[in-house]
Structure formats: structure tokens, C-alpha cells
$ cat start_8.cif   # mmCIF, C-alpha atoms
data_coords
#
loop_
_atom_site.label_atom_id
_atom_site.label_comp_id
_atom_site.auth_asym_id
_atom_site.auth_seq_id
_atom_site.Cartn_x
_atom_site.Cartn_y
_atom_site.Cartn_z
CA MET N 107 -10.93 9.41 179.80
CA PHE N 108 -7.86 11.66 179.42
CA ARG N 109 -7.42 12.94 175.87
CA THR N 110 -4.14 14.37 174.61
CA PRO N 111 -4.50 17.67 172.70
CA LEU N 112 -3.93 17.34 168.94
CA THR N 113 -1.01 19.76 169.02
CA ASN N 114 0.90 17.75 171.65
CA GLY N 115 4.09 16.55 170.03
CA PHE N 116 3.17 17.90 166.58
CA LEU N 117 4.91 21.25 166.27
CA ARG N 118 5.63 22.75 162.88
CA THR N 119 9.20 23.93 162.59
CA ALA N 120 9.89 27.45 161.36
CA SER N 121 11.51 26.01 158.23
CA ALA N 122 8.84 23.36 157.51
CA ALA N 123 7.50 25.02 154.35
CA ALA N 124 10.99 25.64 152.94
CA HIS N 125 12.01 22.02 153.49
CA LEU N 126 8.80 20.74 151.93
CA ARG N 127 9.38 22.91 148.86
CA LEU N 128 12.96 21.61 148.67
CA PHE N 129 11.67 18.01 148.86
CA VAL N 130 9.20 18.63 146.02
CA LEU N 131 11.73 20.45 143.84
CA VAL N 132 14.36 17.73 144.24
CA GLY N 133 11.74 15.06 143.53
CA VAL N 134 10.56 16.76 140.31
CA VAL N 135 14.13 17.25 139.06
CA THR N 136 14.93 13.60 139.87
CA VAL N 137 11.99 12.32 137.81
CA LEU N 138 12.86 14.51 134.82
CA VAL N 139 16.57 13.63 134.94
CA THR N 140 15.80 9.90 135.33
CA ARG N 141 13.38 9.85 132.40
CA ALA N 142 15.81 11.82 130.19
CA PHE N 143 18.74 9.56 131.12
CA LEU N 144 16.80 6.35 130.45
CA ALA N 145 15.50 7.64 127.12
CA LEU N 146 18.99 8.67 125.98
CA THR N 147 20.56 5.35 127.02
CA GLY N 148 17.85 3.08 125.64
CA TYR N 149 16.34 2.08 129.00
CA PRO N 150 19.15 -0.18 130.27
CA LYS N 151 18.45 -2.78 132.94
CA LEU N 152 20.88 -2.96 135.83
CA GLY N 153 21.62 -6.66 136.27
CA GLY N 154 20.96 -7.56 132.65
CA GLY N 155 17.20 -8.09 132.76
CA ALA N 156 15.33 -11.21 131.75
CA GLY N 157 18.15 -12.48 129.53
CA ASN N 158 20.47 -13.07 132.50
CA GLY N 159 18.50 -15.22 134.85
CA GLY N 160 15.71 -12.65 135.33
CA LEU N 161 17.78 -10.35 137.54
CA HIS N 162 16.80 -6.68 137.30
CA ILE N 163 17.59 -4.16 140.03
CA SER N 164 14.84 -1.54 139.66
CA HIS N 165 15.66 2.08 140.53
CA MET N 166 12.60 1.97 142.77
CA LEU N 167 14.81 0.02 145.18
CA TRP N 168 17.40 2.80 145.24
CA GLY N 169 14.57 5.25 145.78
CA GLY N 170 13.38 3.34 148.84
CA LEU N 171 16.90 3.17 150.25
CA LEU N 172 17.40 6.93 149.79
CA MET N 173 14.05 7.68 151.44
CA LEU N 174 15.15 5.44 154.34
CA ALA N 175 18.46 7.32 154.53
CA GLY N 176 16.68 10.67 154.61
CA LEU N 177 14.31 9.45 157.33
CA LEU N 178 17.19 8.10 159.45
CA VAL N 179 19.09 11.39 159.18
CA MET N 180 16.06 13.32 160.48
CA LEU N 181 15.34 10.74 163.22
CA VAL N 182 18.89 10.53 164.55
CA PHE N 183 20.13 14.11 164.21
CA THR N 184 18.58 17.40 165.26
CA GLY N 185 18.59 20.87 163.76
CA ALA N 186 17.75 22.46 160.43
CA ALA N 187 20.83 20.98 158.73
CA SER N 188 19.61 17.41 159.26
CA ARG N 189 16.13 18.29 157.99
CA ARG N 190 17.63 19.92 154.91
CA ARG N 191 19.81 16.90 154.12
CA GLY N 192 16.89 14.59 154.84
CA ALA N 193 14.69 16.59 152.44
CA VAL N 194 17.30 16.30 149.67
CA ALA N 195 17.92 12.55 150.18
CA GLY N 196 14.20 11.88 150.58
CA GLY N 197 13.35 13.99 147.53
CA VAL N 198 15.77 12.06 145.32
CA GLY N 199 14.48 8.78 146.74
CA PHE N 200 10.84 9.71 146.28
CA GLY N 201 11.52 10.84 142.71
CA LEU N 202 13.11 7.47 141.88
CA PHE N 203 10.24 5.67 143.61
CA ILE N 204 7.32 7.54 142.03
CA ASP N 205 8.96 7.34 138.59
CA GLU N 206 8.13 3.62 138.57
CA VAL N 207 4.52 3.99 139.72
CA GLY N 208 3.38 2.35 136.47
CA LYS N 209 4.81 -0.98 137.66
CA LEU N 210 2.69 -0.75 140.81
CA VAL N 211 -0.70 0.00 139.27
CA ALA N 212 -0.80 -1.75 135.89
CA THR N 213 0.45 -4.77 133.96
CA ASP N 214 1.84 -2.42 131.28
CA GLY N 215 4.71 -1.71 133.67
CA TYR N 216 7.02 1.29 133.36
CA PHE N 217 5.39 2.54 130.13
CA TYR N 218 1.83 2.61 131.50
CA ARG N 219 0.41 5.69 129.74
CA PRO N 220 -1.40 7.32 132.69
CA ALA N 221 1.79 7.04 134.82
CA PRO N 222 3.09 10.56 133.96
CA GLY N 223 -0.31 11.99 134.91
CA ILE N 224 -0.24 10.12 138.23
CA ILE N 225 3.30 11.37 138.91
CA TYR N 226 2.30 14.95 138.11
CA LEU N 227 -0.83 14.75 140.29
CA THR N 228 1.30 13.46 143.19
CA PHE N 229 3.62 16.45 143.01
CA VAL N 230 0.65 18.82 142.68
CA ALA N 231 -0.71 17.39 145.95
CA LEU N 232 2.69 17.83 147.64
CA THR N 233 2.90 21.41 146.37
CA GLY N 234 -0.56 22.05 147.82
CA LEU N 235 0.65 20.65 151.14
CA ALA N 236 3.65 23.00 151.09
CA TRP N 237 1.33 25.94 150.34
CA TRP N 238 -0.94 24.95 153.25
CA VAL N 239 2.02 24.67 155.64
CA THR N 240 3.18 28.12 154.51
CA ARG N 241 -0.26 29.59 155.32
CA MET N 242 -0.35 27.86 158.67
CA GLY N 243 3.11 29.23 159.44
CA ARG N 244 1.81 32.76 158.92
CA ALA N 245 -0.89 32.07 161.54
CA ASP N 246 1.63 31.09 164.21
CA ARG N 247 1.37 34.53 165.79
CA ALA N 248 -2.21 33.70 166.77
CA ALA N 249 -1.23 30.34 168.24
CA SER N 250 -1.20 29.61 171.94
CA SER N 251 1.72 30.80 174.05
CA THR N 252 2.84 27.18 174.55
CA ILE N 253 3.16 26.55 170.80
CA ARG N 254 4.96 29.86 170.27
CA ALA N 255 7.37 29.04 173.09
CA ALA N 256 8.07 25.58 171.68
CA SER N 257 8.74 27.07 168.23
CA ALA N 258 11.13 29.62 169.73
CA ALA N 259 12.90 26.86 171.67
CA ASP N 260 13.39 24.90 168.44
CA THR N 261 14.98 27.95 166.83
CA ALA N 262 17.22 28.47 169.89
CA LEU N 263 18.36 24.84 169.68
CA GLN N 264 19.41 25.35 166.07
CA GLY N 265 21.27 28.50 167.15
CA ILE N 266 23.18 26.62 169.84
CA LEU N 267 24.37 24.18 167.18
CA CYS N 268 25.42 26.59 164.44
CA GLY N 269 24.52 30.15 165.48
CA LEU N 270 21.53 32.28 164.50
CA SER N 271 21.23 34.81 161.73
CA ALA N 272 19.85 38.21 162.67
CA GLN N 273 16.61 37.44 160.79
CA ASP N 274 16.07 34.08 162.53
CA ARG N 275 16.68 35.64 165.96
CA SER N 276 14.30 38.53 165.21
CA GLU N 277 11.52 36.21 163.97
CA ALA N 278 11.82 33.95 167.02
CA LEU N 279 11.68 36.92 169.41
CA ASP N 280 8.70 38.34 167.52
CA ARG N 281 6.85 35.03 167.97
CA LEU N 282 7.45 35.14 171.72
CA ARG N 283 6.34 38.76 171.93
CA ALA N 284 3.28 38.35 169.73
CA GLY N 285 0.97 38.77 172.71
CA GLY N 286 2.94 41.64 174.22
CA ALA N 287 5.91 41.64 176.56
CA PRO N 288 6.67 38.11 177.86
CA THR N 289 5.36 37.60 181.39
CA ALA N 290 5.78 33.83 181.95
CA GLU N 291 9.08 32.66 183.38
CA LEU N 292 9.55 30.23 180.50
CA ASP N 293 9.10 32.98 177.90
CA LYS N 294 11.54 35.26 179.72
CA ALA N 295 14.10 32.44 179.86
CA LEU N 296 13.67 31.78 176.14
CA VAL N 297 14.13 35.48 175.33
CA ALA N 298 17.36 35.48 177.34
CA LEU N 299 18.51 32.28 175.61
CA LEU N 300 17.77 33.63 172.12
CA GLU N 301 19.64 36.84 172.89
CA ALA N 302 22.60 34.88 174.27
CA VAL N 303 22.93 32.47 171.33
CA PRO N 304 25.94 33.44 169.20
CA GLU N 305 25.32 35.04 165.84
CA ARG N 306 26.01 32.95 162.78
CA PRO N 307 28.91 34.33 160.74
CA ALA N 308 27.75 35.85 157.49
CA PRO N 309 28.72 33.67 154.50
CA ARG N 310 31.57 34.98 152.41
CA PRO N 311 30.02 36.73 149.37
CA HIS N 312 30.75 35.14 146.03
CA PRO N 313 32.24 37.49 143.43
CA TYR N 314 29.22 36.99 141.19
CA ASP N 315 26.54 37.25 143.92
CA ALA N 316 26.10 41.02 143.60
CA ALA N 317 25.88 40.82 139.81
CA VAL N 318 23.31 38.01 140.01
CA ARG N 319 21.21 39.96 142.55
CA ARG N 320 21.30 43.09 140.37
CA ALA N 321 20.35 41.11 137.29
CA TYR N 322 17.47 39.42 139.13
CA ALA N 323 16.23 42.74 140.56
CA TRP N 324 16.37 44.30 137.07
CA LEU N 325 14.46 41.35 135.59
CA VAL N 326 11.76 41.54 138.28
CA THR N 327 11.43 45.29 137.71
CA GLN N 328 11.09 44.83 133.95
CA VAL N 329 8.59 42.01 134.29
CA SER N 330 6.44 43.62 136.99
CA GLY N 331 6.49 47.19 135.72
CA THR N 332 5.77 46.75 132.01
CA ARG N 333 2.10 47.02 131.07
CA GLY N 334 2.72 45.81 127.53
CA LEU N 335 3.94 42.53 128.98
CA ILE N 336 0.54 42.02 130.63
CA HIS N 337 -1.12 42.02 127.21
CA LEU N 338 1.54 39.66 125.87
CA VAL N 339 0.94 37.25 128.77
CA ALA N 340 -2.83 37.52 128.27
CA TRP N 341 -2.56 36.51 124.64
CA GLY N 342 -0.05 33.79 125.55
CA THR N 343 -2.48 32.38 128.13
CA THR N 344 -5.29 32.38 125.59
CA LEU N 345 -3.11 30.70 122.98
CA GLN N 346 -1.91 28.13 125.49
CA ALA N 347 -5.53 27.22 126.27
CA ALA N 348 -6.55 27.05 122.60
CA VAL N 349 -3.67 24.87 121.37
CA LEU N 350 -5.08 21.58 122.68
CA LEU N 351 -8.59 22.31 121.43
CA VAL N 352 -7.30 23.03 117.93
CA GLY N 353 -4.92 20.07 118.03
CA VAL N 354 -7.59 17.54 119.05
CA ALA N 355 -10.02 18.91 116.45
CA SER N 356 -7.36 18.65 113.76
CA GLU N 357 -6.44 15.09 114.78
CA GLY N 358 -10.10 14.10 114.82
CA LEU N 359 -10.73 15.46 111.32
CA THR N 360 -7.66 13.79 109.84
CA GLY N 361 -8.24 10.42 111.53
CA GLY N 362 -5.27 10.73 113.86
CA LEU N 363 -7.36 9.61 116.85
CA ALA N 364 -8.44 6.31 115.31
CA GLY N 365 -6.19 4.20 117.51
CA GLU N 366 -6.43 6.36 120.63
CA THR N 367 -7.31 4.57 123.89
CA GLN N 368 -7.08 7.36 126.50
CA TRP N 369 -10.48 8.89 125.77
CA ALA N 370 -11.12 9.78 129.42
CA ALA N 371 -7.89 11.78 129.52
CA ILE N 372 -8.75 13.49 126.23
CA ALA N 373 -12.20 14.44 127.55
CA GLY N 374 -10.69 15.80 130.77
CA ALA N 375 -8.03 17.78 128.89
CA LEU N 376 -10.66 19.25 126.55
CA ALA N 377 -12.90 20.29 129.47
CA CYS N 378 -9.99 21.94 131.31
CA SER N 379 -8.71 23.66 128.16
CA LEU N 380 -12.22 24.98 127.40
CA ALA N 381 -12.59 26.34 130.95
CA SER N 382 -9.12 27.88 130.77
CA LEU N 383 -9.90 29.42 127.36
CA VAL N 384 -13.13 31.00 128.63
CA LEU N 385 -11.33 32.48 131.65
CA SER N 386 -8.39 33.75 129.58
CA VAL N 387 -10.65 35.40 126.99
CA ARG N 388 -12.62 37.07 129.78
CA GLY N 389 -9.41 38.18 131.47
CA THR N 390 -8.08 39.64 128.22
CA ALA N 391 -11.34 41.55 127.73
CA LEU N 392 -11.18 42.90 131.30
CA LEU N 393 -7.76 44.49 130.72
CA ARG N 394 -9.43 47.58 129.27
CA ARG N 395 -11.66 48.15 132.31
CA ASP N 396 -10.18 46.56 135.42
CA THR N 397 -6.55 45.40 135.31
CA ASN N 398 -6.65 43.85 138.80
CA ALA N 399 -9.69 41.72 137.97
CA ALA N 400 -8.09 40.80 134.64
CA LEU N 401 -4.92 39.58 136.35
CA ARG N 402 -6.93 37.49 138.82
CA THR N 403 -8.98 35.94 136.00
CA LEU N 404 -5.91 35.17 133.89
CA ARG N 405 -4.21 33.60 136.88
CA ALA N 406 -7.31 31.45 137.48
CA ALA N 407 -7.10 30.29 133.85
CA LEU N 408 -3.49 29.21 134.32
CA LEU N 409 -4.25 27.50 137.63
CA VAL N 410 -7.01 25.45 135.99
CA ASP N 411 -4.44 24.31 133.44
CA LEU N 412 -1.64 23.64 135.95
CA LEU N 413 -3.69 21.96 138.67
CA LEU N 414 -6.04 19.90 136.48
CA GLY N 415 -5.39 20.19 132.77
CA GLN N 416 -1.73 19.19 132.90
CA VAL N 417 -2.64 15.90 134.60
CA PHE N 418 -4.56 14.86 131.48
CA LYS N 419 -2.02 16.39 129.10
CA PHE N 420 0.80 14.36 130.64
CA THR N 421 -1.34 11.25 130.25
CA ILE N 422 -1.91 12.01 126.55
CA ASN N 423 1.48 13.44 125.58
CA GLN N 424 3.63 11.65 128.17
CA PHE N 425 6.76 13.58 129.17
CA SER N 426 6.80 15.57 125.93
CA GLY N 427 4.22 17.72 127.75
CA VAL N 428 6.99 19.19 129.95
CA ALA N 429 7.47 22.08 127.48
CA GLY N 430 3.83 23.17 127.80
CA TRP N 431 4.01 22.83 131.56
CA LEU N 432 7.08 25.09 131.71
CA ILE N 433 5.36 27.69 129.53
CA SER N 434 2.34 27.74 131.84
CA LEU N 435 4.63 28.06 134.88
CA ALA N 436 6.47 30.99 133.26
CA LEU N 437 3.20 32.77 132.44
CA LEU N 438 1.93 32.22 135.99
CA SER N 439 5.20 33.59 137.45
CA VAL N 440 4.91 36.76 135.35
CA LEU N 441 1.28 37.26 136.40
CA SER N 442 2.14 36.70 140.07
CA LEU N 443 4.91 39.32 139.85
CA GLN N 444 2.43 41.73 138.27
CA VAL N 445 -0.11 41.15 141.06
CA THR N 446 2.55 41.57 143.77
CA HIS N 447 3.85 44.75 142.14
CA ARG N 448 0.40 46.33 141.89
CA GLN N 449 -0.39 45.42 145.51
CA ALA N 450 2.87 47.03 146.65
CA VAL N 451 2.09 50.18 144.65
CA ARG N 452 -1.41 50.39 146.15
CA THR N 453 -0.07 49.88 149.67
CA LYS N 454 2.58 52.57 149.17
CA ALA N 455 0.04 54.98 147.71
CA SER N 456 -2.52 54.42 150.50
CA GLY N 457 0.06 54.68 153.31
CA PRO N 458 0.17 58.48 153.68
CA LEU N 459 -3.60 58.70 153.28
CA SER N 460 -4.15 56.16 156.03
CA ALA N 461 -1.74 58.00 158.32
CA THR N 462 -3.56 61.28 157.64
CA ARG N 463 -6.91 59.73 158.49
CA GLN N 464 -5.57 58.31 161.72
CA THR N 465 -4.17 61.74 162.68
CA VAL N 466 -7.45 63.44 161.96
#

$ encode --input "start_8.cif" --output "C-alpha cells"
Amino acid sequence: MFRTPLTNGFLRTASAAAHLRLFVLVGVVTVLVTRAFLALTGYPKLGGGAGNGGLHISHMLWGGLLMLAGLLVMLVFTGAASRRRGAVAGGVGFGLFIDEVGKLVATDGYFYRPAPGIIYLTFVALTGLAWWVTRMGRADRAASSTIRAASAADTALQGILCGLSAQDRSEALDRLRAGGAPTAELDKALVALLEAVPERPAPRPHPYDAAVRRAYAWLVTQVSGTRGLIHLVAWGTTLQAAVLLVGVASEGLTGGLAGETQWAAIAGALACSLASLVLSVRGTALLRRDTNAALRTLRAALLVDLLLGQVFKFTINQFSGVAGWLISLALLSVLSLQVTHRQAVRTKASGPLSATRQTV
């Protein structure tokens, strides 16, 4: 029996990872803005609620309609612009939809306590998907010539619609030439098409763009080049892991947990915080001997908290746990910049040595 290859009709676009990240970011912002707005306005009910004939138009409905709108835009129109608009509309719609997940899984409705944890876990899974797509995109050079040609054709189609930037054209040509000079007629035709597509006009620079870029570059330099900041982040990571352990112990001793019902979430949060604390203490101790190993260990401690611990913390603390989540994200960003900076320094330092060895 004839079997269609798995890749037939399922081609990742060059901008797939970027659009997925945009979808996740818009969805997260939508949930936070929706929760803040409802809390500030006293959770109003559009339609009047039960007191007016039982009519209540849930914002889950608007979420479904926006997801439908995003899907229709991507189904009807072609090009990166439609995917970008679809990602924004779909992200807002998904955020409105997932914000009401409590109504779908429990009789407690919107205020079901594990709902924030479920919402957070959903976005963690989507972030993992975006990370996987990014990794797969980096492996496109090793893909078959047919897949590389289809990807280049998709880029050329976008260029016909709105022009290509120099970077997009160069990346598409590099994909076609990954296996050497193109020999197939199709590849040669695609190279000619990509070279003939008009260049996209450079956007007019905003008066503040240069200042913002300089400020960002200065900030990255300060963050990634300061060793004292590594120690500060190490202690911050350790403190972040110890806060919950101390808090739960204090609440237990003073009787504050007498009416608590989410014992599974508390147990999970304690286990994750303990694991994160052990890793952060080890990472802090390693700073004296092996900075690279210390950075990896500290990053592992933060990832345990962000990928697992925060799910339980949101269940316990509800959306007041956003502050702790942002602190963990900031610490992880600083550590990632440190790792990237040290890798760049090592690569730059080993470059001349490698060239000398090759010459010899």
C-alpha cells in the first residue's frame, strides 16, 4: 500500500519559531491583563449575570471568536504578514479562553484554585514547543534537498508579496546551497528567483532607536561582563529557593495552614524548592573552582523552579505569584547572558589557536 512520507505537506516556515513565541507572549499578556482588569473592576458580568434572566456572556466566547479569526486569516491569506496577524489574534483569543479553564474542569468555576497552575503549565508546554521548533529550524541545513527547496520557495513567495530583506535572502540562499552549489534545475530556478525578488525598503529609523540600541548594548555589556553580578545572582537564586521553605515552615508553626486544602500543591512546591535550593547552594560553592559549572548548576536550579515549582506556587498563591515568577525569569536571563558571554570569549580566544593548528 502506498504510504505518504511524514514530511509531505508539513513544512516548517522559516519564521515558525518567532510566530510561536509571539503567540505565547500575547497569550501570557492577555491572561495577566484580563485578571488585573477583572480584579480592579470587581469581576463584572457582561449581560448582568444571574440577576437578569441568567444571561452572562463569558469572555471565553470572545476568546474562541478571536482564535477563529486568527485561524481564518492564516487559512485565507498567504505570507508572513498573515501568520503574524494570526498569531496575535490567536494569542489574544487563547489567553481569553485559557483564563476561564476553571469553569471547564471544576464546579468551583472561575475561582478554582488550581486554575492558575493549569494556565501556567499550558504556557510552559507552548514555550517548550517553541524551543523545539527553534532547534528543529537549526537542523534544516541537514534536511533533504526537497525540504530545503520548499522552504526557499516559501521565502521567495513572501518576497514577491512585500520584498525581501538582505538577511532573509541570504538565509534562503544558504539553505539552498547547504549541500554545495545547486545542481538540480529546480534549485537553480529558485536561486534565480530569490536573486530577482526586489529588496524590501529599510524601515525609516525612529529618532529614539539608536539611543535604545545603545542603552540595550550597554546593559548587556554590564550584565554579562561583571563577575560581582554572578555572585549576586547566585545568592538571589539561593534566597528565591529558600523563601517558600521558610514560609511554609513558619505558617505550619503558627497554625496558618490549618484550613489549607491544596496539600498536593504544597508538597510539590516544597519538593521543587528543596531541589532548587540544593542545586543553587552547590552552584554557589562551585563559583570558587569552576565558574562555567557553577553557571550551569545555577541555571538548572532556576529551571526546576520555572518549569515545575511555579506550577505549584501559582496553585497556592494564585496570581500573586507573578512577582516571584518575574524574579526567577530575571535571574535566568542574567545567567543566560553570562553563559553566552563566556562562550563568546572562549570562542574568540580559541580562534587564533585553532587557525595555527590547522596551518601546522

$ closest_residue --input "start_8.cif" --among "N:Val179, N:Ile204, N:Leu435, N:Leu167" --to "Val134 (chain N)" --atoms "only C-alpha atoms"
N:Ile204

$ residues_around --input "start_8.cif" --residues "Thr136 (chain N)" --least-positions-apart "5" --cutoff "8 Å" --atoms "all atoms listed in the file" --output "ChimeraX atom specification"
/N:197-198,201-202

$ write_last_selection --input "start_8.cif" --atoms "C-alpha atoms" --output "PDB file, keeping the file's coordinate frame"
ATOM      1  CA  GLY N 197      13.350  13.990 147.530  1.00  0.00           C
ATOM      2  CA  VAL N 198      15.770  12.060 145.320  1.00  0.00           C
ATOM      3  CA  GLY N 201      11.520  10.840 142.710  1.00  0.00           C
ATOM      4  CA  LEU N 202      13.110   7.470 141.880  1.00  0.00           C
TER       5      LEU N 202
END

$ resolve_selection --input "start_8.cif" --expression "the PyMOL selection byres ((chain N and resi 118-124) around 6)" --output "list in words"
Leu117, His125, Leu126, Arg127, Ala236, Val239 and Thr240 of chain N

$ write_last_selection --input "start_8.cif" --atoms "C-alpha atoms" --output "short mmCIF file (atom, residue, chain, number, x, y, z; two decimals), in the coordinates of the input"
data_model
loop_
_atom_site.label_atom_id
_atom_site.label_comp_id
_atom_site.auth_asym_id
_atom_site.auth_seq_id
_atom_site.Cartn_x
_atom_site.Cartn_y
_atom_site.Cartn_z
CA LEU N 117 4.91 21.25 166.27
CA HIS N 125 12.01 22.02 153.49
CA LEU N 126 8.80 20.74 151.93
CA ARG N 127 9.38 22.91 148.86
CA ALA N 236 3.65 23.00 151.09
CA VAL N 239 2.02 24.67 155.64
CA THR N 240 3.18 28.12 154.51
#

$ atom_distance --input "start_8.cif" --atom1 "CA of Leu210 (chain N)" --atom2 "CA of Gly234 (chain N)"
24.1 Å

$ closest_residue --input "start_8.cif" --among "N:Glu291, N:Ala186, N:Met242, N:Pro313" --to "Asp260 (chain N)" --atoms "only C-alpha atoms"
N:Ala186

$ resolve_selection --input "start_8.cif" --expression "the PyMOL selection byres ((chain N and resi 335-344) around 6)" --output "ChimeraX atom specification"
/N:332-334,345-347,383,386,390

$ resolve_selection --input "start_8.cif" --expression "the PyMOL selection byres ((chain N and resi 217) around 12)" --output "short mmCIF file (atom, residue, chain, number, x, y, z; two decimals) with C-alpha atoms, in the frame of the given file"
data_model
loop_
_atom_site.label_atom_id
_atom_site.label_comp_id
_atom_site.auth_asym_id
_atom_site.auth_seq_id
_atom_site.Cartn_x
_atom_site.Cartn_y
_atom_site.Cartn_z
CA ARG N 141 13.38 9.85 132.40
CA ALA N 145 15.50 7.64 127.12
CA TYR N 149 16.34 2.08 129.00
CA ASP N 205 8.96 7.34 138.59
CA GLU N 206 8.13 3.62 138.57
CA VAL N 207 4.52 3.99 139.72
CA GLY N 208 3.38 2.35 136.47
CA LYS N 209 4.81 -0.98 137.66
CA LEU N 210 2.69 -0.75 140.81
CA VAL N 211 -0.70 0.00 139.27
CA ALA N 212 -0.80 -1.75 135.89
CA THR N 213 0.45 -4.77 133.96
CA ASP N 214 1.84 -2.42 131.28
CA GLY N 215 4.71 -1.71 133.67
CA TYR N 216 7.02 1.29 133.36
CA TYR N 218 1.83 2.61 131.50
CA ARG N 219 0.41 5.69 129.74
CA PRO N 220 -1.40 7.32 132.69
CA ALA N 221 1.79 7.04 134.82
CA PRO N 222 3.09 10.56 133.96
CA THR N 421 -1.34 11.25 130.25
CA GLN N 424 3.63 11.65 128.17
CA PHE N 425 6.76 13.58 129.17
#

$ closest_residue --input "start_8.cif" --among "N:Ile433, N:Leu363, N:Leu146, N:Val445" --to "Thr403 (chain N)" --atoms "only C-alpha atoms"
N:Val445
